[in-house]
>>> print(open('protein01.cif').read())   # mmCIF, C-alpha atoms
data_structure
#
loop_
_atom_site.label_atom_id
_atom_site.label_comp_id
_atom_site.auth_asym_id
_atom_site.auth_seq_id
_atom_site.Cartn_x
_atom_site.Cartn_y
_atom_site.Cartn_z
CA MET A 9 -16.32 3.26 -46.94
CA SER A 10 -13.01 5.21 -46.88
CA ARG A 11 -11.61 6.49 -43.57
CA PRO A 12 -12.45 10.19 -44.27
CA ARG A 13 -16.03 9.29 -45.18
CA ALA A 14 -16.35 7.03 -42.12
CA TRP A 15 -15.19 9.90 -39.90
CA LEU A 16 -17.63 12.27 -41.61
CA ALA A 17 -20.50 9.84 -41.07
CA ALA A 18 -19.64 9.51 -37.38
CA ALA A 19 -19.44 13.29 -37.00
CA SER A 20 -22.81 13.66 -38.70
CA LEU A 21 -24.37 11.21 -36.25
CA LEU A 22 -23.02 13.28 -33.36
CA LEU A 23 -24.34 16.53 -34.80
CA LEU A 24 -27.74 15.05 -35.43
CA GLY A 25 -27.89 13.55 -31.94
CA ALA A 26 -28.11 9.97 -33.27
CA TRP A 27 -26.04 8.47 -30.49
CA VAL A 28 -25.13 5.04 -31.84
CA ARG A 29 -22.90 3.40 -29.25
CA PRO A 30 -19.88 1.60 -30.75
CA PRO A 31 -19.20 -1.87 -29.35
CA GLY A 32 -16.54 -2.54 -26.71
CA LEU A 33 -16.75 0.72 -24.74
CA GLY A 34 -16.87 1.17 -20.99
CA GLU A 35 -19.33 3.66 -19.58
CA VAL A 36 -19.74 6.48 -17.07
CA ALA A 37 -21.78 4.73 -14.37
CA GLU A 38 -22.39 7.76 -12.15
CA ILE A 39 -21.31 11.34 -11.49
CA ARG A 40 -21.50 12.38 -7.82
CA SER A 41 -20.56 15.58 -6.01
CA TYR A 42 -19.72 16.30 -2.36
CA ASP A 43 -19.53 19.66 -0.63
CA HIS A 44 -16.51 19.66 1.71
CA GLY A 45 -16.97 23.28 2.77
CA GLU A 46 -13.49 24.38 1.71
CA TYR A 47 -13.82 22.68 -1.67
CA THR A 48 -16.20 20.62 -3.82
CA ARG A 49 -15.38 17.03 -4.78
CA VAL A 50 -16.70 15.58 -8.05
CA VAL A 51 -16.46 11.81 -8.49
CA ILE A 52 -16.83 10.22 -11.94
CA GLN A 53 -17.41 6.50 -11.50
CA LEU A 54 -16.69 4.26 -14.49
CA SER A 55 -17.64 0.69 -15.31
CA ARG A 56 -13.96 -0.14 -15.86
CA GLU A 57 -10.49 1.42 -15.80
CA ALA A 58 -9.79 4.01 -18.50
CA THR A 59 -7.17 6.55 -19.52
CA TYR A 60 -8.20 10.19 -19.11
CA ARG A 61 -6.90 13.74 -19.51
CA THR A 62 -7.79 16.96 -17.72
CA GLN A 63 -7.52 20.53 -19.02
CA GLU A 64 -8.58 23.96 -17.78
CA ILE A 65 -9.83 26.66 -20.19
CA MET A 66 -10.41 30.29 -19.17
CA SER A 67 -12.82 31.60 -21.84
CA PRO A 68 -15.30 30.86 -20.42
CA PRO A 69 -13.72 29.32 -17.26
CA ARG A 70 -14.18 25.57 -17.21
CA LEU A 71 -12.36 22.34 -16.49
CA TYR A 72 -12.96 19.24 -18.55
CA VAL A 73 -12.06 15.57 -18.28
CA ASP A 74 -11.82 13.48 -21.47
CA ILE A 75 -12.20 9.74 -20.85
CA ASP A 76 -11.04 7.36 -23.60
CA ARG A 77 -12.97 4.30 -24.79
CA THR A 78 -15.94 5.34 -22.66
CA TRP A 79 -19.62 6.02 -23.36
CA ILE A 80 -21.87 8.35 -21.37
CA GLU A 81 -25.61 7.65 -21.35
CA ALA A 82 -28.28 10.35 -21.22
CA PRO A 83 -28.93 10.22 -17.42
CA GLN A 84 -25.28 11.05 -16.73
CA ARG A 85 -25.26 13.85 -19.32
CA ALA A 86 -27.86 15.81 -17.35
CA ALA A 87 -26.31 18.93 -15.84
CA GLN A 88 -25.93 19.32 -12.06
CA SER A 89 -26.06 22.92 -10.84
CA PHE A 90 -24.16 24.25 -7.79
CA GLU A 91 -25.70 27.53 -6.69
CA GLY A 92 -23.46 29.33 -4.22
CA ALA A 93 -20.82 26.57 -4.24
CA GLU A 94 -18.05 28.71 -5.68
CA PRO A 95 -16.09 28.26 -7.81
CA LEU A 96 -18.05 25.33 -9.26
CA ARG A 97 -21.22 26.38 -11.08
CA ARG A 98 -22.31 23.32 -13.04
CA VAL A 99 -21.21 19.82 -14.05
CA ARG A 100 -22.38 18.29 -17.32
CA GLY A 101 -21.41 15.31 -19.45
CA GLY A 102 -21.40 14.57 -23.15
CA GLN A 103 -19.96 12.39 -25.89
CA ASN A 104 -16.98 14.36 -27.21
CA GLN A 105 -16.29 11.70 -29.82
CA LEU A 106 -17.93 8.36 -30.49
CA ASP A 107 -15.33 6.64 -28.32
CA ARG A 108 -14.59 9.45 -25.85
CA ALA A 109 -16.77 10.82 -23.04
CA ARG A 110 -16.26 14.35 -21.73
CA VAL A 111 -17.28 15.69 -18.32
CA VAL A 112 -17.22 19.49 -18.05
CA LEU A 113 -16.99 21.46 -14.80
CA GLU A 114 -18.18 25.03 -15.38
CA LEU A 115 -16.46 27.54 -13.08
CA ASP A 116 -17.06 31.09 -11.92
CA ALA A 117 -15.18 34.05 -13.40
CA HIS A 118 -12.04 33.50 -11.27
CA GLY A 119 -11.47 29.91 -12.37
CA ALA A 120 -10.25 27.37 -9.82
CA ASN A 121 -7.38 25.48 -8.31
CA TYR A 122 -7.90 21.74 -8.48
CA ARG A 123 -6.36 18.33 -7.95
CA VAL A 124 -7.22 15.16 -9.85
CA PHE A 125 -6.55 11.54 -8.93
CA HIS A 126 -8.18 8.17 -9.43
CA LEU A 127 -9.23 5.26 -7.22
CA ALA A 128 -9.87 1.61 -7.99
CA ASP A 129 -12.64 -0.95 -7.37
CA PRO A 130 -14.74 0.62 -8.74
CA PHE A 131 -12.55 2.81 -10.93
CA ARG A 132 -13.38 6.46 -10.35
CA ILE A 133 -11.84 9.80 -11.24
CA VAL A 134 -11.86 12.31 -8.39
CA ILE A 135 -11.63 16.09 -8.96
CA ASP A 136 -11.32 18.42 -5.97
CA VAL A 137 -12.14 22.03 -6.94
CA PHE A 138 -10.86 24.88 -4.73
CA ALA A 139 -11.68 28.59 -5.00
CA ARG A 140 -8.93 30.68 -6.59
CA LYS A 141 -8.17 34.05 -5.03
CA PRO A 142 -9.69 36.89 -7.06
CA ARG A 143 -7.46 39.54 -8.60
CA GLY A 144 -7.70 43.30 -8.24
CA GLY A 145 -7.85 43.52 -4.46
CA GLU A 146 -11.27 41.92 -4.04
CA SER A 147 -11.76 40.54 -0.55
CA ARG A 148 -13.25 37.29 0.67
CA ALA A 149 -14.74 36.42 4.02
CA GLU A 150 -12.26 34.74 6.34
CA GLY A 151 -12.41 30.95 6.34
CA PRO A 152 -12.95 28.77 9.39
CA VAL A 153 -10.33 28.64 12.13
CA PRO A 154 -7.84 25.81 11.39
CA PHE A 155 -8.40 22.75 13.58
CA ALA A 156 -4.96 23.24 15.14
CA GLU A 157 -6.15 26.56 16.60
CA ARG A 158 -9.66 25.75 17.80
CA GLN A 159 -11.21 23.83 20.67
CA VAL A 160 -12.38 20.27 20.04
CA GLN A 161 -16.17 20.30 20.14
CA ARG A 162 -17.68 18.68 17.02
CA ILE A 163 -17.07 14.97 16.55
CA VAL A 164 -18.10 12.72 13.67
CA ILE A 165 -18.25 8.99 14.39
CA ASP A 166 -18.22 6.81 11.28
CA PRO A 167 -19.72 3.30 11.63
CA GLY A 168 -17.88 1.37 8.92
CA HIS A 169 -19.53 -0.39 5.96
CA GLY A 170 -23.36 -0.66 5.83
CA GLY A 171 -26.11 -1.61 3.41
CA LYS A 172 -24.88 -3.82 0.58
CA ASP A 173 -21.39 -3.82 2.16
CA PRO A 174 -21.53 -6.00 5.32
CA GLY A 175 -17.82 -5.74 6.10
CA ALA A 176 -16.22 -8.68 7.90
CA THR A 177 -18.47 -11.62 8.72
CA GLY A 178 -18.18 -13.81 11.80
CA PRO A 179 -19.83 -17.03 13.00
CA GLY A 180 -23.59 -17.25 12.49
CA ARG A 181 -23.57 -14.52 9.80
CA LEU A 182 -22.46 -11.93 12.32
CA HIS A 183 -21.84 -8.76 10.30
CA GLU A 184 -19.34 -6.02 11.07
CA LYS A 185 -21.72 -3.31 9.82
CA ASN A 186 -24.26 -4.07 12.58
CA LEU A 187 -21.76 -4.35 15.43
CA VAL A 188 -19.98 -1.08 14.68
CA LEU A 189 -23.27 0.81 14.35
CA LYS A 190 -24.26 -0.32 17.88
CA ILE A 191 -20.88 0.77 19.27
CA SER A 192 -20.96 4.09 17.40
CA ARG A 193 -24.43 4.95 18.76
CA GLU A 194 -23.17 4.21 22.26
CA VAL A 195 -20.09 6.42 21.72
CA ARG A 196 -22.39 9.25 20.63
CA LYS A 197 -24.53 8.83 23.74
CA ARG A 198 -21.49 9.09 26.02
CA LEU A 199 -20.01 12.12 24.27
CA LEU A 200 -23.35 13.95 24.29
CA ARG A 201 -23.43 13.52 28.07
CA GLU A 202 -20.09 15.35 28.20
CA GLY A 203 -21.47 18.32 26.25
CA MET A 204 -19.89 17.44 22.90
CA GLU A 205 -21.60 17.92 19.53
CA VAL A 206 -21.75 14.52 17.85
CA LYS A 207 -23.01 13.14 14.55
CA LEU A 208 -22.82 9.72 12.91
CA THR A 209 -22.07 9.39 9.21
CA ARG A 210 -24.85 6.80 9.15
CA ASP A 211 -27.49 6.02 11.79
CA ARG A 212 -29.08 3.07 9.98
CA ASP A 213 -28.13 0.18 7.73
CA GLU A 214 -27.25 2.14 4.58
CA PHE A 215 -24.39 2.00 2.11
CA LEU A 216 -22.18 5.09 1.97
CA PRO A 217 -19.22 5.53 -0.42
CA LEU A 218 -15.99 6.41 1.38
CA GLU A 219 -16.09 9.85 -0.24
CA GLU A 220 -19.49 10.64 1.27
CA ARG A 221 -18.42 9.70 4.80
CA THR A 222 -15.70 12.33 5.04
CA ALA A 223 -17.73 14.81 2.97
CA ARG A 224 -20.40 14.73 5.68
CA ALA A 225 -17.75 15.40 8.33
CA SER A 226 -16.36 18.30 6.29
CA ARG A 227 -19.78 19.86 5.71
CA TRP A 228 -20.39 19.78 9.45
CA LYS A 229 -16.93 21.29 10.03
CA ALA A 230 -16.01 18.48 12.42
CA ASP A 231 -12.98 18.82 14.67
CA LEU A 232 -12.32 15.05 14.76
CA PHE A 233 -13.28 12.02 12.67
CA VAL A 234 -13.28 8.50 14.16
CA SER A 235 -14.14 5.52 11.95
CA VAL A 236 -15.19 2.39 13.85
CA HIS A 237 -14.58 -1.12 12.42
CA ALA A 238 -14.20 -4.78 13.36
CA ASN A 239 -11.27 -6.76 12.04
CA ALA A 240 -10.67 -10.09 10.31
CA SER A 241 -7.56 -12.17 9.66
CA ARG A 242 -6.59 -15.33 7.79
CA ASN A 243 -5.05 -16.48 11.07
CA ARG A 244 -8.10 -17.26 13.20
CA LYS A 245 -6.00 -17.13 16.36
CA THR A 246 -5.30 -13.42 15.90
CA HIS A 247 -7.21 -11.23 18.37
CA GLY A 248 -7.08 -7.78 19.93
CA VAL A 249 -7.69 -4.10 19.24
CA GLU A 250 -5.71 -1.62 17.17
CA THR A 251 -6.01 1.97 16.00
CA TYR A 252 -4.77 3.33 12.69
CA LEU A 253 -3.78 6.73 11.41
CA LEU A 254 -2.96 7.69 7.85
CA ASP A 255 0.49 7.04 6.43
CA THR A 256 2.22 5.75 3.31
CA ARG A 257 4.37 3.45 5.45
CA TYR A 258 2.89 0.06 6.27
CA ASP A 259 3.72 -3.64 6.60
CA ARG A 260 2.01 -6.47 4.73
CA GLN A 261 -0.49 -7.20 7.50
CA THR A 262 -1.53 -3.53 7.59
CA ALA A 263 -1.85 -3.63 3.80
CA ARG A 264 -4.30 -6.53 4.12
CA VAL A 265 -6.41 -4.61 6.65
CA ALA A 266 -6.38 -1.45 4.51
CA ALA A 267 -7.22 -3.42 1.35
CA ARG A 268 -10.27 -4.92 3.03
CA GLU A 269 -11.50 -1.59 4.41
CA ASN A 270 -10.78 0.23 1.13
CA GLY A 271 -12.36 -2.43 -1.08
CA THR A 272 -9.10 -2.79 -3.05
CA THR A 273 -6.47 -5.48 -3.53
CA ILE A 274 -3.08 -5.33 -1.82
CA GLU A 275 -1.39 -4.66 -5.17
CA GLN A 276 -3.60 -1.65 -5.85
CA LEU A 277 -2.55 -0.06 -2.57
CA ASN A 278 0.83 0.80 -4.12
CA ASP A 279 -0.89 3.35 -6.37
CA LEU A 280 -2.29 5.16 -3.34
CA GLN A 281 1.15 6.25 -2.15
CA ILE A 282 1.36 8.73 -5.03
CA ILE A 283 -2.07 10.11 -4.16
CA LEU A 284 -1.30 10.40 -0.47
CA ALA A 285 1.83 12.43 -1.16
CA SER A 286 -0.26 15.20 -2.75
CA LEU A 287 -2.68 15.51 0.14
CA ARG A 288 -2.35 17.20 3.51
CA LEU A 289 -0.78 14.29 5.35
CA GLY A 290 1.92 16.33 7.06
CA TYR A 291 -0.47 18.97 8.34
CA SER A 292 -2.72 16.67 10.35
CA GLU A 293 -0.37 13.77 11.14
CA ARG A 294 0.79 14.85 14.59
CA TYR A 295 -2.76 15.59 15.71
CA ALA A 296 -4.04 12.27 14.38
CA ALA A 297 -1.16 10.49 16.13
CA ARG A 298 -2.13 12.03 19.48
CA LEU A 299 -5.78 11.14 18.91
CA ALA A 300 -4.87 7.55 17.98
CA THR A 301 -2.67 7.14 21.06
CA ASN A 302 -5.41 8.42 23.37
CA VAL A 303 -8.15 6.29 21.80
CA GLN A 304 -6.08 3.10 21.68
CA GLY A 305 -4.89 3.43 25.29
CA SER A 306 -8.34 4.23 26.62
CA LEU A 307 -10.01 1.45 24.60
CA VAL A 308 -7.59 -1.21 25.84
CA LYS A 309 -7.95 -0.02 29.46
CA SER A 310 -11.75 -0.06 29.28
CA LEU A 311 -11.96 -3.51 27.66
CA ARG A 312 -9.49 -5.03 30.13
CA HIS A 313 -11.84 -4.15 32.99
CA GLN A 314 -14.31 -6.55 31.39
CA TYR A 315 -11.97 -8.87 29.49
CA SER A 316 -8.59 -9.10 31.22
CA LYS A 317 -6.83 -10.81 28.30
CA THR A 318 -7.65 -8.12 25.73
CA ASN A 319 -4.68 -7.95 23.36
CA ASP A 320 -3.21 -4.48 22.75
CA LEU A 321 -2.04 -4.48 19.11
CA GLY A 322 -1.06 -0.82 19.35
CA VAL A 323 -1.24 2.24 17.09
CA LYS A 324 -0.40 1.57 13.46
CA ARG A 325 -0.22 3.49 10.21
CA GLY A 326 -1.68 2.68 6.82
CA PRO A 327 -3.22 3.96 3.56
CA PHE A 328 -6.91 3.98 4.49
CA LEU A 329 -9.00 5.87 1.94
CA VAL A 330 -11.56 7.05 4.49
CA LEU A 331 -8.71 8.74 6.42
CA PHE A 332 -6.87 10.46 3.58
CA MET A 333 -10.14 12.01 2.43
CA ALA A 334 -10.67 13.64 5.83
CA ASP A 335 -10.01 17.37 6.33
CA MET A 336 -9.51 17.02 10.09
CA PRO A 337 -7.51 14.69 12.41
CA ALA A 338 -8.88 11.22 11.68
CA VAL A 339 -8.30 7.70 12.97
CA LEU A 340 -9.72 4.25 12.27
CA VAL A 341 -10.38 1.92 15.22
CA GLU A 342 -10.55 -1.88 14.90
CA VAL A 343 -12.36 -3.07 18.05
CA GLY A 344 -11.70 -6.82 17.63
CA PHE A 345 -11.52 -9.77 15.24
CA LEU A 346 -14.67 -11.40 13.92
CA SER A 347 -12.47 -14.15 12.48
CA ASN A 348 -11.55 -15.21 16.04
CA ARG A 349 -14.45 -17.29 17.39
CA ALA A 350 -13.96 -16.33 21.06
CA GLU A 351 -13.58 -12.63 20.31
CA ALA A 352 -16.53 -12.66 17.89
CA LYS A 353 -18.73 -14.05 20.66
CA ARG A 354 -17.71 -11.17 22.95
CA LEU A 355 -18.14 -8.57 20.21
CA GLN A 356 -21.85 -9.22 19.80
CA GLY A 357 -22.62 -8.83 23.51
CA ASP A 358 -24.03 -5.66 25.11
CA ALA A 359 -21.25 -5.66 27.71
CA PHE A 360 -18.63 -5.41 24.95
CA THR A 361 -20.58 -2.64 23.24
CA ARG A 362 -20.65 -0.60 26.44
CA SER A 363 -16.97 -1.20 27.26
CA ALA A 364 -15.74 -0.43 23.74
CA ALA A 365 -17.87 2.71 23.49
CA GLU A 366 -16.68 3.91 26.88
CA GLY A 367 -13.07 3.41 25.85
CA ILE A 368 -13.41 5.24 22.53
CA ALA A 369 -15.36 8.10 24.11
CA ARG A 370 -12.85 8.49 26.95
CA GLY A 371 -9.99 8.55 24.44
CA ILE A 372 -11.68 11.34 22.48
CA LEU A 373 -12.30 13.32 25.67
CA ALA A 374 -8.67 12.86 26.76
CA TYR A 375 -7.53 14.26 23.41
CA ARG A 376 -9.97 17.18 23.75
CA ASP A 377 -8.58 18.09 27.20
CA GLU A 378 -4.96 17.66 26.08
CA HIS A 379 -5.59 19.87 23.04
CA ALA A 380 -7.26 22.54 25.21
CA ARG A 381 -4.25 22.65 27.55
CA ARG A 382 -1.92 23.01 24.56
CA LEU A 383 -3.95 25.92 23.16
CA LEU A 384 -3.89 27.63 26.56
CA ALA A 385 -0.12 27.20 26.87
CA GLU A 386 0.47 28.73 23.42
CA ARG A 387 -1.44 31.95 24.15
#
>>> encode(input="protein01.cif", output="structure tokens")
Amino acid sequence: MSRPRAWLAAASLLLLGAWVRPPGLGEVAEIRSYDHGEYTRVVIQLSREATYRTQEIMSPPRLYVDIDRTWIEAPQRAAQSFEGAEPLRRVRGGQNQLDRARVVLELDAHGANYRVFHLADPFRIVIDVFARKPRGGESRAEGPVPFAERQVQRIVIDPGHGGKDPGATGPGRLHEKNLVLKISREVRKRLLREGMEVKLTRDRDEFLPLEERTARASRWKADLFVSVHANASRNRKTHGVETYLLDTRYDRQTARVAARENGTTIEQLNDLQIILASLRLGYSERYAARLATNVQGSLVKSLRHQYSKTNDLGVKRGPFLVLFMADMPAVLVEVGFLSNRAEAKRLQGDAFTRSAAEGIARGILAYRDEHARRLLAER
């Protein structure tokens, strides 16, 4: 068959709905959406890495993503509606060509501002859709008060990993996901006693994508986000506690920690620097740095009451995905090393849980009080 006739046959199959999948294509595994309050995040997860292009069209307003060498099955073609989630109205998928999938984001009459980036392992395309100001003098309701100008009251504690993702594993199949959930529940209990509003991203053994963790914090309009983890190292003598905030600057050891928590390789972390530069790193950095300093200092002090030789590894910076997706000051706390046999034994005890939770909670409260004094001084 000649090339023109082959193309015509393929086009006919598309028009007739006879979706015959060519060999060798990747596929759209899932399309997810997250309401962040200020914007909506759409995540297109693929079975493998692919090249893609994005374009906005205004008549009617829509944004589409074409994904090369990719197939989209019927379940992922089904439209998802977003009533009231302006400017995004609907997301639908289709096979634009036999070897190209297309995901369309239908927008309201004003169109949208957006940013697009991709993440690895698994490969996924992320589209953040923001409302565009209407023309002609139309007014919108005022948005929420920026976190820099409001009291600290709502806290989201994020127990790392969960479900099919156990995190680091210590002696006797000791899993990070279980330890950090215990500590996070105890942190919540202590903060509730102090009159704070507190939620956990997960309160049971369930798997949550990194995008969903911060999306839950954004929907709740949290003032702070604290992700709780336990560490691991190739050097089994390494021990101690450390607290991280978001940054593009990091050493090789920090890269290893971030790669494990992100589910990426060290080499793939280099790509994240480009992504981080486009996000709101500068806006929240100084607040996150103060939060990290308070939490780290308080955690070390609390643990040393119980374990005098607790090693203070300090406040560090790194490209943690769960932090750069946060819309509020966010830190990641590593409460100890499961790879160190002596520290792992302490980590699973109730005394450690209480001491670590007390330290994290006291650090959050110290930040709250410091922030309140700063707001008062600026009036």
>>> closest_residue(input="protein01.cif", among="A:Met336, A:Leu71, A:Val111, A:Val99", to="A:His44", atoms="all atoms listed in the file")
A:Met336
>>> resolve_selection(input="protein01.cif", expression="the PyMOL selection byres ((chain A and resi 161) around 7)", output="ChimeraX atom specification")
/A:159-160,162-163,204-205,231
>>> closest_residue(input="protein01.cif", among="A:Leu355, A:Leu115, A:Val28, A:Ala267", to="A:Ile65", atoms="all atoms listed in the file")
A:Leu115
>>> residues_near_point(input="protein01.cif", point="(-17.5, -3.5, 26.3)", cutoff="10 Å", atoms="all atoms listed in the file", output="PyMOL selection string")
chain A and resi 191+307+310-315+343+354-367
>>> closest_residue(input="protein01.cif", among="A:Leu340, A:Leu218, A:Ile39, A:Ala296", to="A:Asp129", atoms="only C-alpha atoms")
A:Leu218
>>> resolve_selection(input="protein01.cif", expression="the PyMOL selection byres ((chain A and resi 221) around 10)", output="ChimeraX atom specification")
/A:42,164-168,208-210,216-220,222-226,233,235,330-331,333-334
>>> resolve_selection(input="protein01.cif", expression="the PyMOL selection byres ((chain A and resi 82-86) around 8)", output="CSV table (one decimal) with C-alpha atoms, keeping the file's coordinate frame")
chain,number,residue,atom,x,y,z
A,36,VAL,CA,-19.7,6.5,-17.1
A,37,ALA,CA,-21.8,4.7,-14.4
A,38,GLU,CA,-22.4,7.8,-12.2
A,39,ILE,CA,-21.3,11.3,-11.5
A,80,ILE,CA,-21.9,8.4,-21.4
A,81,GLU,CA,-25.6,7.6,-21.4
A,87,ALA,CA,-26.3,18.9,-15.8
A,88,GLN,CA,-25.9,19.3,-12.1
A,100,ARG,CA,-22.4,18.3,-17.3
A,101,GLY,CA,-21.4,15.3,-19.4
A,102,GLY,CA,-21.4,14.6,-23.2
>>> atom_distance(input="protein01.cif", atom1="atom CA of A:Ala128", atom2="atom CA of A:Arg268")
12.8 Å
>>> atom_distance(input="protein01.cif", atom1="atom CA of A:Phe138", atom2="atom CA of A:Tyr122")
5.7 Å
>>> atom_distance(input="protein01.cif", atom1="atom CA of A:His247", atom2="atom CA of A:Tyr375")
26.0 Å
>>> residues_around(input="protein01.cif", residues="A:Glu214", least_positions_apart="3", cutoff="8 Å", atoms="only C-alpha atoms", output="ChimeraX atom specification")
/A:170-172,210
>>> axis_aligned_box(input="protein01.cif", around="stretch 332-336 of chain A", padding_each_side="4 Å", output="AutoDock Vina command-line options")
--center_x -8.8 --center_y 13.9 --center_z 6.3 --size_x 11.8 --size_y 14.9 --size_z 15.7
>>> closest_residue(input="protein01.cif", among="A:Val134, A:Gly32, A:Val234, A:Pro95", to="A:Val51", atoms="only C-alpha atoms")
A:Val134
>>> closest_residue(input="protein01.cif", among="A:Arg158, A:Arg123, A:His118, A:Arg264", to="A:Ala139", atoms="only C-alpha atoms")
A:His118
>>> closest_residue(input="protein01.cif", among="A:Val236, A:Leu127, A:Ile75, A:Val137", to="A:Gln103", atoms="all atoms listed in the file")
A:Ile75
>>> residues_around(input="protein01.cif", residues="A:Leu33", least_positions_apart="4", cutoff="12 Å", atoms="all atoms listed in the file", output="list in words")
Val28, Arg29, Leu54, Ser55, Arg56, Glu57, Ala58, Ile75, Asp76, Arg77, Thr78, Trp79, Ile80, Glu81, Leu106, Asp107, Arg108 and Ala109 of chain A
>>> residues_near_point(input="protein01.cif", point="(-8.5, 20.3, -23.2)", cutoff="9 Å", atoms="only C-alpha atoms", output="CSV table (one decimal) with C-alpha atoms, in the frame of the given file")
chain,number,residue,atom,x,y,z
A,61,ARG,CA,-6.9,13.7,-19.5
A,62,THR,CA,-7.8,17.0,-17.7
A,63,GLN,CA,-7.5,20.5,-19.0
A,64,GLU,CA,-8.6,24.0,-17.8
A,65,ILE,CA,-9.8,26.7,-20.2
A,71,LEU,CA,-12.4,22.3,-16.5
A,72,TYR,CA,-13.0,19.2,-18.6
A,73,VAL,CA,-12.1,15.6,-18.3
A,74,ASP,CA,-11.8,13.5,-21.5
